[in-house]
>>> print(open('upload-v4.tsv').read())   # TSV, C-alpha atoms
chain	number	residue	atom	x	y	z
A	146	MET	CA	111.03	100.04	152.12
A	147	ARG	CA	110.47	98.79	148.57
A	148	LEU	CA	107.38	96.84	149.69
A	149	PHE	CA	106.06	99.91	151.49
A	150	LEU	CA	106.51	102.09	148.40
A	151	LEU	CA	104.75	99.53	146.24
A	152	LYS	CA	101.79	99.37	148.63
A	153	PHE	CA	101.69	103.16	148.79
A	154	MET	CA	101.68	103.50	145.00
A	155	ARG	CA	98.85	100.97	144.72
A	156	SER	CA	96.85	102.79	147.37
A	157	ALA	CA	97.43	106.14	145.68
A	158	THR	CA	96.36	104.74	142.32
A	159	ALA	CA	93.20	103.28	143.85
A	160	PHE	CA	92.47	106.63	145.47
A	161	LEU	CA	92.84	108.51	142.19
A	162	ILE	CA	90.61	106.05	140.35
A	163	MET	CA	87.94	106.15	143.02
A	164	MET	CA	87.92	109.92	143.64
A	165	ASN	CA	84.59	111.07	145.07
A	166	GLY	CA	83.56	107.43	145.28
A	167	GLN	CA	83.18	107.17	141.50
A	168	PRO	CA	85.35	104.99	139.22
A	169	MET	CA	86.93	106.73	136.24
A	170	THR	CA	84.95	106.48	133.03
A	171	LEU	CA	86.58	105.16	129.86
A	172	ALA	CA	86.66	108.71	128.46
A	173	GLU	CA	88.50	109.88	131.60
A	174	HIS	CA	91.04	107.09	131.23
A	175	ILE	CA	91.57	108.21	127.63
A	176	ASP	CA	92.04	111.83	128.76
A	177	ASP	CA	94.75	110.67	131.15
A	178	ILE	CA	96.42	108.45	128.53
A	179	ARG	CA	96.34	111.32	126.00
A	180	GLU	CA	98.35	113.56	128.32
A	181	MET	CA	100.90	110.82	128.94
A	182	LEU	CA	101.23	110.24	125.19
A	183	ARG	CA	101.80	113.96	124.65
A	184	ASN	CA	104.46	113.91	127.38
A	185	GLU	CA	106.13	110.86	125.79
A	186	GLN	CA	105.74	108.74	128.91
A	187	TYR	CA	105.38	105.44	127.04
A	188	PRO	CA	108.94	104.67	125.90
A	189	ASN	CA	108.42	101.22	124.37
A	190	GLU	CA	105.97	98.46	123.42
A	191	ASP	CA	105.85	97.05	126.94
A	192	ALA	CA	104.82	100.43	128.33
A	193	ILE	CA	102.09	100.72	125.67
A	194	SER	CA	100.89	97.18	126.42
A	195	ARG	CA	100.61	97.69	130.16
A	196	GLY	CA	99.92	101.40	130.43
A	197	VAL	CA	97.51	101.84	127.52
A	198	VAL	CA	96.11	98.58	126.18
A	199	LEU	CA	95.58	96.69	129.45
A	200	ARG	CA	94.34	99.82	131.17
A	201	ILE	CA	91.69	100.37	128.50
A	202	LEU	CA	90.70	96.69	128.34
A	203	CYS	CA	90.53	96.02	132.06
A	204	ASP	CA	89.65	99.37	133.67
A	205	GLY	CA	87.45	100.66	130.85
A	206	LEU	CA	85.95	97.72	128.96
A	207	GLY	CA	85.38	95.10	131.64
A	208	TRP	CA	87.99	92.48	130.70
A	209	PRO	CA	89.33	90.38	133.61
A	210	GLY	CA	93.04	91.15	133.36
A	211	TYR	CA	93.77	88.73	136.20
A	212	ASP	CA	92.54	85.78	134.10
A	213	THR	CA	95.34	85.06	131.66
A	214	ARG	CA	93.21	82.44	129.89
A	215	VAL	CA	90.79	85.21	128.86
A	216	VAL	CA	93.18	88.15	128.39
A	217	TYR	CA	95.95	86.00	126.98
A	218	GLY	CA	99.28	87.80	126.58
A	219	GLN	CA	101.79	86.61	123.94
A	220	TYR	CA	99.27	84.21	122.45
A	221	PRO	CA	101.06	81.59	120.31
A	222	LEU	CA	100.03	81.42	116.66
A	223	GLU	CA	101.49	79.85	113.55
A	224	GLY	CA	104.71	81.65	112.78
A	225	GLY	CA	104.93	83.71	115.97
A	226	ARG	CA	103.00	85.31	118.80
A	227	VAL	CA	100.47	88.11	119.03
A	228	ASP	CA	100.63	90.51	121.97
A	229	PHE	CA	97.06	89.95	123.21
A	230	ALA	CA	94.25	87.53	122.44
A	231	LEU	CA	90.84	88.23	123.96
A	232	CYS	CA	89.34	84.79	124.42
A	233	HIS	CA	85.86	83.35	124.80
A	234	PRO	CA	85.66	80.58	125.77
A	235	GLU	CA	88.97	80.43	127.59
A	236	GLN	CA	92.04	80.17	125.32
A	237	LYS	CA	89.87	80.50	122.17
A	238	PRO	CA	90.78	83.88	120.61
A	239	LYS	CA	88.01	86.13	119.32
A	240	VAL	CA	90.02	89.35	119.11
A	241	LEU	CA	93.74	89.72	118.37
A	242	ILE	CA	95.65	92.86	119.35
A	243	GLU	CA	99.17	93.61	118.12
A	244	VAL	CA	101.08	96.37	119.91
A	245	LYS	CA	103.82	98.56	118.44
A	246	GLY	CA	105.90	101.39	119.86
A	247	VAL	CA	104.51	104.91	119.45
A	248	GLY	CA	104.93	106.03	115.85
A	249	LYS	CA	105.83	102.52	114.62
A	250	ILE	CA	102.40	101.33	113.54
A	251	GLU	CA	103.03	101.46	109.79
A	252	GLY	CA	103.67	98.07	108.23
A	253	GLY	CA	102.39	96.10	111.21
A	254	GLU	CA	99.40	94.77	109.31
A	255	GLN	CA	101.35	92.12	107.41
A	256	GLN	CA	102.67	90.48	110.57
A	257	LEU	CA	99.27	90.66	112.27
A	258	PHE	CA	97.37	89.18	109.33
A	259	ARG	CA	99.95	86.43	108.92
A	260	TYR	CA	99.41	85.42	112.55
A	261	ALA	CA	95.63	85.21	112.07
A	262	PHE	CA	95.72	83.91	108.49
A	263	HIS	CA	93.10	81.19	108.74
A	264	ARG	CA	92.07	81.26	112.40
A	265	GLY	CA	88.73	82.87	111.58
A	266	VAL	CA	89.18	85.62	114.18
A	267	PRO	CA	86.54	88.29	113.41
A	268	ILE	CA	88.28	91.34	114.92
A	269	ILE	CA	91.92	92.36	114.62
A	270	VAL	CA	93.41	95.47	116.20
A	271	LEU	CA	96.76	97.12	115.49
A	272	THR	CA	97.84	99.89	117.85
A	273	ASP	CA	100.86	101.95	118.84
A	274	GLY	CA	98.95	103.43	121.79
A	275	GLN	CA	98.06	106.61	119.95
A	276	LYS	CA	96.53	105.12	116.80
A	277	TRP	CA	94.14	102.17	116.88
A	278	ARG	CA	93.26	100.43	113.62
A	279	PHE	CA	90.35	97.99	113.57
A	280	PHE	CA	90.11	95.33	110.86
A	281	TYR	CA	87.48	92.82	109.80
A	282	PRO	CA	89.83	90.06	108.55
A	283	LEU	CA	87.05	87.78	107.28
A	284	ALA	CA	86.38	90.18	104.38
A	285	PRO	CA	88.15	89.87	101.00
A	286	GLY	CA	90.77	92.34	99.81
A	287	ASP	CA	94.04	93.77	101.05
A	288	TYR	CA	94.71	95.27	104.49
A	289	ARG	CA	93.19	98.66	103.75
A	290	GLU	CA	90.09	97.12	102.20
A	291	ARG	CA	89.56	95.16	105.41
A	292	GLU	CA	90.16	98.17	107.67
A	293	VAL	CA	86.98	99.48	109.28
A	294	VAL	CA	88.14	102.51	111.22
A	295	GLU	CA	91.21	104.22	112.68
A	296	LEU	CA	91.22	106.12	115.96
A	297	ASN	CA	93.76	108.68	117.14
A	298	LEU	CA	93.81	109.14	120.91
A	299	ILE	CA	95.49	112.54	120.62
A	300	GLU	CA	93.48	114.07	117.78
A	301	ASP	CA	90.03	112.52	118.36
A	302	SER	CA	87.77	113.48	121.25
A	303	SER	CA	87.74	111.19	124.27
A	304	GLU	CA	84.01	110.55	123.82
A	305	LYS	CA	84.50	109.52	120.19
A	306	VAL	CA	87.36	107.15	121.08
A	307	ALA	CA	85.42	105.66	123.99
A	308	ARG	CA	82.39	105.12	121.76
A	309	CYS	CA	84.39	103.17	119.18
A	310	LEU	CA	86.37	101.11	121.69
A	311	THR	CA	83.15	100.16	123.44
A	312	ARG	CA	81.53	99.31	120.11
A	313	TYR	CA	84.12	96.69	119.17
A	314	LEU	CA	85.96	95.66	122.36
A	315	LEU	CA	83.49	95.74	125.26
A	316	CYS	CA	83.93	92.41	127.06
A	317	GLU	CA	80.22	91.56	127.17
A	318	SER	CA	79.72	92.44	123.47
A	319	VAL	CA	82.59	90.19	122.42
A	320	ARG	CA	81.32	87.34	124.58
A	321	ASN	CA	77.76	87.46	123.23
A	322	GLY	CA	78.87	88.02	119.63
A	323	GLU	CA	77.31	91.47	119.24
A	324	ALA	CA	80.70	93.08	118.53
A	325	PHE	CA	81.33	90.73	115.59
A	326	GLU	CA	78.01	91.53	113.94
A	327	THR	CA	78.64	95.23	114.51
A	328	ILE	CA	82.08	95.26	112.89
A	329	ARG	CA	80.80	93.16	109.97
A	330	GLU	CA	77.99	95.65	109.31
A	331	ASP	CA	80.34	98.61	109.72
A	332	HIS	CA	82.78	97.06	107.27
A	333	GLN	CA	80.01	96.62	104.71
A	334	GLU	CA	79.01	100.27	105.08
A	335	THR	CA	82.62	101.45	104.88
A	336	SER	CA	83.16	99.36	101.74
A	337	LYS	CA	80.12	100.95	100.11
A	338	GLN	CA	81.44	104.39	100.94
A	339	ARG	CA	84.87	103.55	99.52
A	340	GLN	CA	83.27	102.42	96.28
A	341	ALA	CA	81.18	105.57	96.08
A	342	ALA	CA	84.20	107.79	96.75
A	343	LYS	CA	86.23	105.90	94.16
A	344	HIS	CA	83.64	106.61	91.45
A	345	LEU	CA	83.06	110.28	92.28
A	346	PRO	CA	85.70	111.56	89.80
A	347	GLU	CA	84.20	109.40	87.04
A	348	ALA	CA	80.70	110.66	87.87
A	349	TRP	CA	81.94	114.25	87.74
A	350	THR	CA	83.56	113.63	84.35
A	351	LYS	CA	80.39	112.12	82.95
A	352	LEU	CA	78.29	115.04	84.19
A	353	ILE	CA	80.57	117.36	82.26
A	354	GLU	CA	80.68	115.16	79.15
A	355	GLU	CA	76.91	114.82	79.09
A	356	GLU	CA	76.45	118.56	79.65
A	357	ASN	CA	74.07	117.86	82.51
A	358	GLU	CA	71.44	120.61	82.46
A	359	SER	CA	70.88	120.64	86.23
A	360	LEU	CA	74.59	121.13	86.83
A	361	LEU	CA	74.85	123.88	84.20
A	362	ASP	CA	71.77	125.68	85.52
A	363	ALA	CA	72.98	125.54	89.12
A	364	LEU	CA	76.38	126.97	88.16
A	365	SER	CA	74.82	129.63	85.94
A	366	ASN	CA	72.36	130.73	88.65
A	367	LYS	CA	75.02	130.88	91.36
A	368	THR	CA	77.26	133.00	89.10
A	369	GLU	CA	74.37	135.39	88.42
A	370	SER	CA	73.66	135.69	92.15
A	371	LEU	CA	77.26	136.76	92.74
A	372	CYS	CA	77.71	139.31	89.97
A	373	GLY	CA	74.29	139.89	88.42
A	374	HIS	CA	75.26	138.39	85.04
A	375	LYS	CA	74.75	134.92	83.61
A	376	PRO	CA	77.66	133.21	81.86
A	377	THR	CA	77.10	131.61	78.46
A	378	LYS	CA	76.89	127.84	78.15
A	379	GLU	CA	80.20	127.87	76.26
A	380	GLN	CA	81.87	129.73	79.13
A	381	ILE	CA	80.56	127.22	81.64
A	382	MET	CA	81.76	124.24	79.59
A	383	VAL	CA	85.24	125.70	79.13
A	384	PHE	CA	85.43	126.35	82.88
A	385	LEU	CA	84.31	122.81	83.80
A	386	GLU	CA	86.72	121.21	81.35
A	387	ARG	CA	89.61	123.20	82.76
A	388	LEU	CA	88.51	122.41	86.30
A	389	GLU	CA	88.49	118.69	85.52
A	390	THR	CA	92.01	118.63	84.10
A	391	THR	CA	93.77	121.20	86.32
A	392	PRO	CA	95.74	119.59	89.20
A	393	SER	CA	95.48	122.78	91.26
A	394	SER	CA	91.70	122.89	91.03
A	395	GLY	CA	91.40	121.69	94.60
A	396	ILE	CA	89.10	118.78	93.70
A	397	GLU	CA	90.27	115.63	95.46
A	398	PRO	CA	88.69	112.22	95.90
A	399	VAL	CA	86.20	112.27	98.74
A	400	LYS	CA	86.99	109.83	101.55
A	401	PRO	CA	84.13	107.67	102.82
A	402	ALA	CA	82.67	108.70	106.16
A	403	PRO	CA	83.52	106.29	109.01
A	404	PRO	CA	80.65	104.09	110.21
A	405	SER	CA	78.18	104.85	112.96
A	406	ASN	CA	79.12	108.47	113.51
A	407	ILE	CA	82.53	107.52	114.91
A	408	SER	CA	84.18	110.03	112.55
A	409	PRO	CA	87.82	109.36	113.49
A	410	SER	CA	90.40	111.67	112.02
A	411	ARG	CA	92.86	110.33	109.47
A	412	GLU	CA	96.11	111.70	108.20
A	413	PRO	CA	95.68	113.90	105.11
A	414	GLU	CA	95.59	111.91	101.89
A	415	GLU	CA	97.93	112.72	99.02
A	416	LYS	CA	96.65	114.89	96.25
A	417	ARG	CA	95.22	113.16	93.22
A	418	LYS	CA	97.81	111.56	90.99
A	419	LYS	CA	97.74	110.26	87.50
A	420	PRO	CA	96.37	106.71	87.21
A	421	LYS	CA	99.02	104.12	87.92
A	422	PRO	CA	100.08	101.90	85.04
A	423	PRO	CA	98.76	98.31	84.96
A	424	THR	CA	100.81	95.82	86.94
A	425	ARG	CA	101.64	92.13	86.96
A	426	LEU	CA	103.31	89.66	89.33
A	427	VAL	CA	106.77	88.11	89.23
A	428	VAL	CA	107.20	85.17	91.62
A	429	THR	CA	110.55	83.61	92.46
A	430	MET	CA	109.86	80.06	93.61
A	431	PRO	CA	111.77	78.14	96.32
A	432	ASP	CA	113.97	76.45	93.68
A	433	GLY	CA	114.93	79.82	92.19
A	434	SER	CA	112.73	79.57	89.10
A	435	LYS	CA	110.60	82.55	88.12
A	436	ILE	CA	106.93	82.64	87.17
A	437	SER	CA	105.93	85.71	85.23
A	438	HIS	CA	102.97	86.14	82.89
A	439	LYS	CA	101.39	89.19	81.31
A	440	HIS	CA	98.38	88.81	83.60
A	441	ALA	CA	98.71	88.52	87.38
A	442	THR	CA	95.95	85.89	87.51
A	443	GLU	CA	98.01	83.42	85.46
A	444	THR	CA	101.08	83.99	87.64
A	445	PHE	CA	98.96	83.65	90.77
A	446	ALA	CA	97.49	80.32	89.65
A	447	ASP	CA	100.83	78.88	88.46
A	448	ALA	CA	102.56	79.90	91.70
A	449	ILE	CA	99.90	78.11	93.76
A	450	ASP	CA	100.21	75.09	91.52
A	451	GLY	CA	103.99	75.18	91.94
A	452	LEU	CA	103.73	75.30	95.72
A	453	GLY	CA	101.56	72.17	95.65
A	454	ILE	CA	97.91	72.71	94.96
A	455	GLU	CA	96.79	69.91	97.30
A	456	LYS	CA	98.87	71.36	100.15
A	457	VAL	CA	97.39	74.80	99.55
A	458	GLU	CA	93.90	73.30	99.46
A	459	SER	CA	94.50	71.78	102.90
A	460	LEU	CA	94.99	75.27	104.36
A	461	ASN	CA	91.23	75.91	103.83
A	462	ILE	CA	91.76	79.48	102.67
A	463	ARG	CA	88.68	81.39	101.57
A	464	LEU	CA	88.46	84.23	99.08
A	465	ALA	CA	85.36	86.15	98.02
A	466	ASP	CA	83.27	84.01	100.41
A	467	GLN	CA	84.27	80.71	98.78
A	468	PRO	CA	87.24	78.30	98.95
A	469	LEU	CA	90.39	79.53	97.25
A	470	ILE	CA	90.97	75.98	95.97
A	471	SER	CA	88.23	73.49	95.12
A	472	THR	CA	87.54	70.53	92.84
A	473	SER	CA	84.12	71.84	91.84
A	474	VAL	CA	83.49	74.77	89.52
A	475	PRO	CA	83.18	77.98	91.65
A	476	SER	CA	80.09	80.15	91.39
A	477	THR	CA	82.20	83.11	90.29
A	478	LYS	CA	83.67	83.36	86.81
A	479	HIS	CA	86.95	84.58	88.29
A	480	HIS	CA	88.82	81.29	88.49
A	481	LYS	CA	91.61	79.35	86.82
A	482	ARG	CA	91.69	75.61	86.31
A	483	ARG	CA	94.81	73.61	87.10
A	484	GLY	CA	94.27	69.89	86.60
A	485	GLU	CA	91.24	68.83	88.60
A	486	HIS	CA	91.35	71.95	90.76
A	487	TYR	CA	89.89	75.44	90.39
A	488	ILE	CA	91.69	78.47	91.82
A	489	VAL	CA	89.62	81.54	92.64
A	490	HIS	CA	91.40	84.84	91.89
A	491	HIS	CA	88.73	87.50	92.51
A	492	CYS	CA	91.04	90.11	94.10
A	493	ASN	CA	93.50	92.79	93.05
A	494	THR	CA	97.22	92.37	92.41
A	495	ASN	CA	98.25	93.54	95.89
A	496	SER	CA	95.91	90.99	97.47
A	497	LYS	CA	97.30	88.24	95.23
A	498	LYS	CA	100.81	89.13	96.40
A	499	GLN	CA	99.68	89.06	100.03
A	500	ILE	CA	97.90	85.71	99.66
A	501	LEU	CA	100.92	84.07	98.00
A	502	GLU	CA	103.24	85.32	100.75
A	503	GLU	CA	100.88	84.06	103.45
A	504	ILE	CA	100.53	80.67	101.74
A	505	ALA	CA	104.32	80.32	101.51
A	506	ALA	CA	104.69	81.24	105.19
A	507	GLU	CA	102.07	78.66	106.16
A	508	LEU	CA	103.82	75.97	104.12
A	509	GLY	CA	107.27	76.93	105.39
A	510	GLU	CA	108.46	77.82	101.89
A	511	SER	CA	110.58	80.78	100.84
A	512	ILE	CA	109.32	82.75	97.84
A	513	GLN	CA	109.69	86.30	96.58
A	514	VAL	CA	106.66	88.08	95.12
A	515	GLU	CA	107.13	91.34	93.23
A	516	ILE	CA	104.64	93.71	91.62
A	517	VAL	CA	106.03	95.22	88.41
A	518	GLU	CA	104.63	97.31	85.59
A	519	LYS	CA	103.39	95.51	82.48
>>> encode(input="upload-v4.tsv", output="structure tokens")
Amino acid sequence: MRLFLLKFMRSATAFLIMMNGQPMTLAEHIDDIREMLRNEQYPNEDAISRGVVLRILCDGLGWPGYDTRVVYGQYPLEGGRVDFALCHPEQKPKVLIEVKGVGKIEGGEQQLFRYAFHRGVPIIVLTDGQKWRFFYPLAPGDYREREVVELNLIEDSSEKVARCLTRYLLCESVRNGEAFETIREDHQETSKQRQAAKHLPEAWTKLIEEENESLLDALSNKTESLCGHKPTKEQIMVFLERLETTPSSGIEPVKPAPPSNISPSREPEEKRKKPKPPTRLVVTMPDGSKISHKHATETFADAIDGLGIEKVESLNIRLADQPLISTSVPSTKHHKRRGEHYIVHHCNTNSKKQILEEIAAELGESIQVEIVEK
């Protein structure tokens, strides 16, 4: 009876997929998955892995799920295992996918990046079934700086989700390398947009400080069109100055648009806050000693030196497109010298913390890295 039921279920599934003689499109698979997510029919990571990830990869993106050397589950990496490695050639990972339970995606980046620390894998995906975050790990910076796009299978349209999944995970595109070039270009564009968005408040402030005539004229003309009267220049300047400094003004940093018209939705960002105070690092070494300098770069360099600079050099870590450790003077001015070695430190404090933790994990050492205010 059990065998009969199993055969019946397989036949019914095949019938549903091949209705009217046509296989389901990726967007149709996503529609079906969306409803199951809404009905909470994926109770754990295993259900997400089999019911969402493998279904999308194999039924929608052309991956041969039967070939475990290509779609490699529980792929062993230094320090643990990653849920899926998409391999080409066989057993050589090109994409890593880490799966979490629904609603448990936050914080999964650290584990995923530790697994792929210096494997050179060009695409990393973190998903809880509903949200899919795509990273370009070969870029410098912290997790968010290396994130390219986030999809939400419930909030985003099926066509939009299918377009992005195909862009980065289509089997043929991964095999011929097109997906890697695409995500690299998209990351560059996203980084430019982040930089532009970051400087928008400063640009607005400067326009006000410089009493930009075009801005003043535009505001004056619009006011006149509404009420028939032009404000004075003094009135405009007082208004702009209040607008700049009033938290309730409604002006918030503009988020960069996602690449290639994917336009995934993101959770609302917090309202603008006051600038955070400068920070530094405090590192507790394996022997219990602490390294703490006024500047994070000094602490970063001394901690690497304390862990064994030659051992760290052997890890072949790269930062800002050059070796983290070298015996020749780096092309960037952002470096510290320790003996005959040069340590590149061209990254922010959060990235320095992440790099030190990953180095310690690779070397099998136990350290504690804290970010504190100066």
>>> atom_distance(input="upload-v4.tsv", atom1="CA of Glu185 (chain A)", atom2="CA of Val306 (chain A)")
19.7 Å
>>> atom_distance(input="upload-v4.tsv", atom1="CA of Glu485 (chain A)", atom2="CA of Asp287 (chain A)")
28.0 Å
>>> atom_distance(input="upload-v4.tsv", atom1="CA of Arg214 (chain A)", atom2="CA of Gly274 (chain A)")
23.2 Å
>>> residues_around(input="upload-v4.tsv", residues="region 192-196 of chain A", least_positions_apart="4", cutoff="9 Å", atoms="all atoms listed in the file", output="list in words")
Ile178, Gln186, Tyr187, Pro188, Arg200, Ile201, Asp228, Phe229, Val244, Lys245, Gly246, Val247, Thr272, Asp273 and Gly274 of chain A
>>> residues_around(input="upload-v4.tsv", residues="Arg463 (chain A)", least_positions_apart="6", cutoff="12 Å", atoms="only C-alpha atoms", output="PyMOL selection string")
chain A and resi 262-265+282-286+457+469-471+475+488-492+500+504
>>> closest_residue(input="upload-v4.tsv", among="A:Gly207, A:Pro431, A:Glu254, A:Val293", to="Gln338 (chain A)", atoms="only C-alpha atoms")
A:Val293
>>> closest_residue(input="upload-v4.tsv", among="A:Leu241, A:Leu385, A:Ala506, A:Ile516", to="His440 (chain A)", atoms="all atoms listed in the file")
A:Ile516
>>> closest_residue(input="upload-v4.tsv", among="A:Glu455, A:Glu354, A:Asp331, A:Glu503", to="Phe258 (chain A)", atoms="only C-alpha atoms")
A:Glu503
>>> closest_residue(input="upload-v4.tsv", among="A:Lys478, A:Arg425, A:His438, A:His344", to="Asn495 (chain A)", atoms="all atoms listed in the file")
A:Arg425
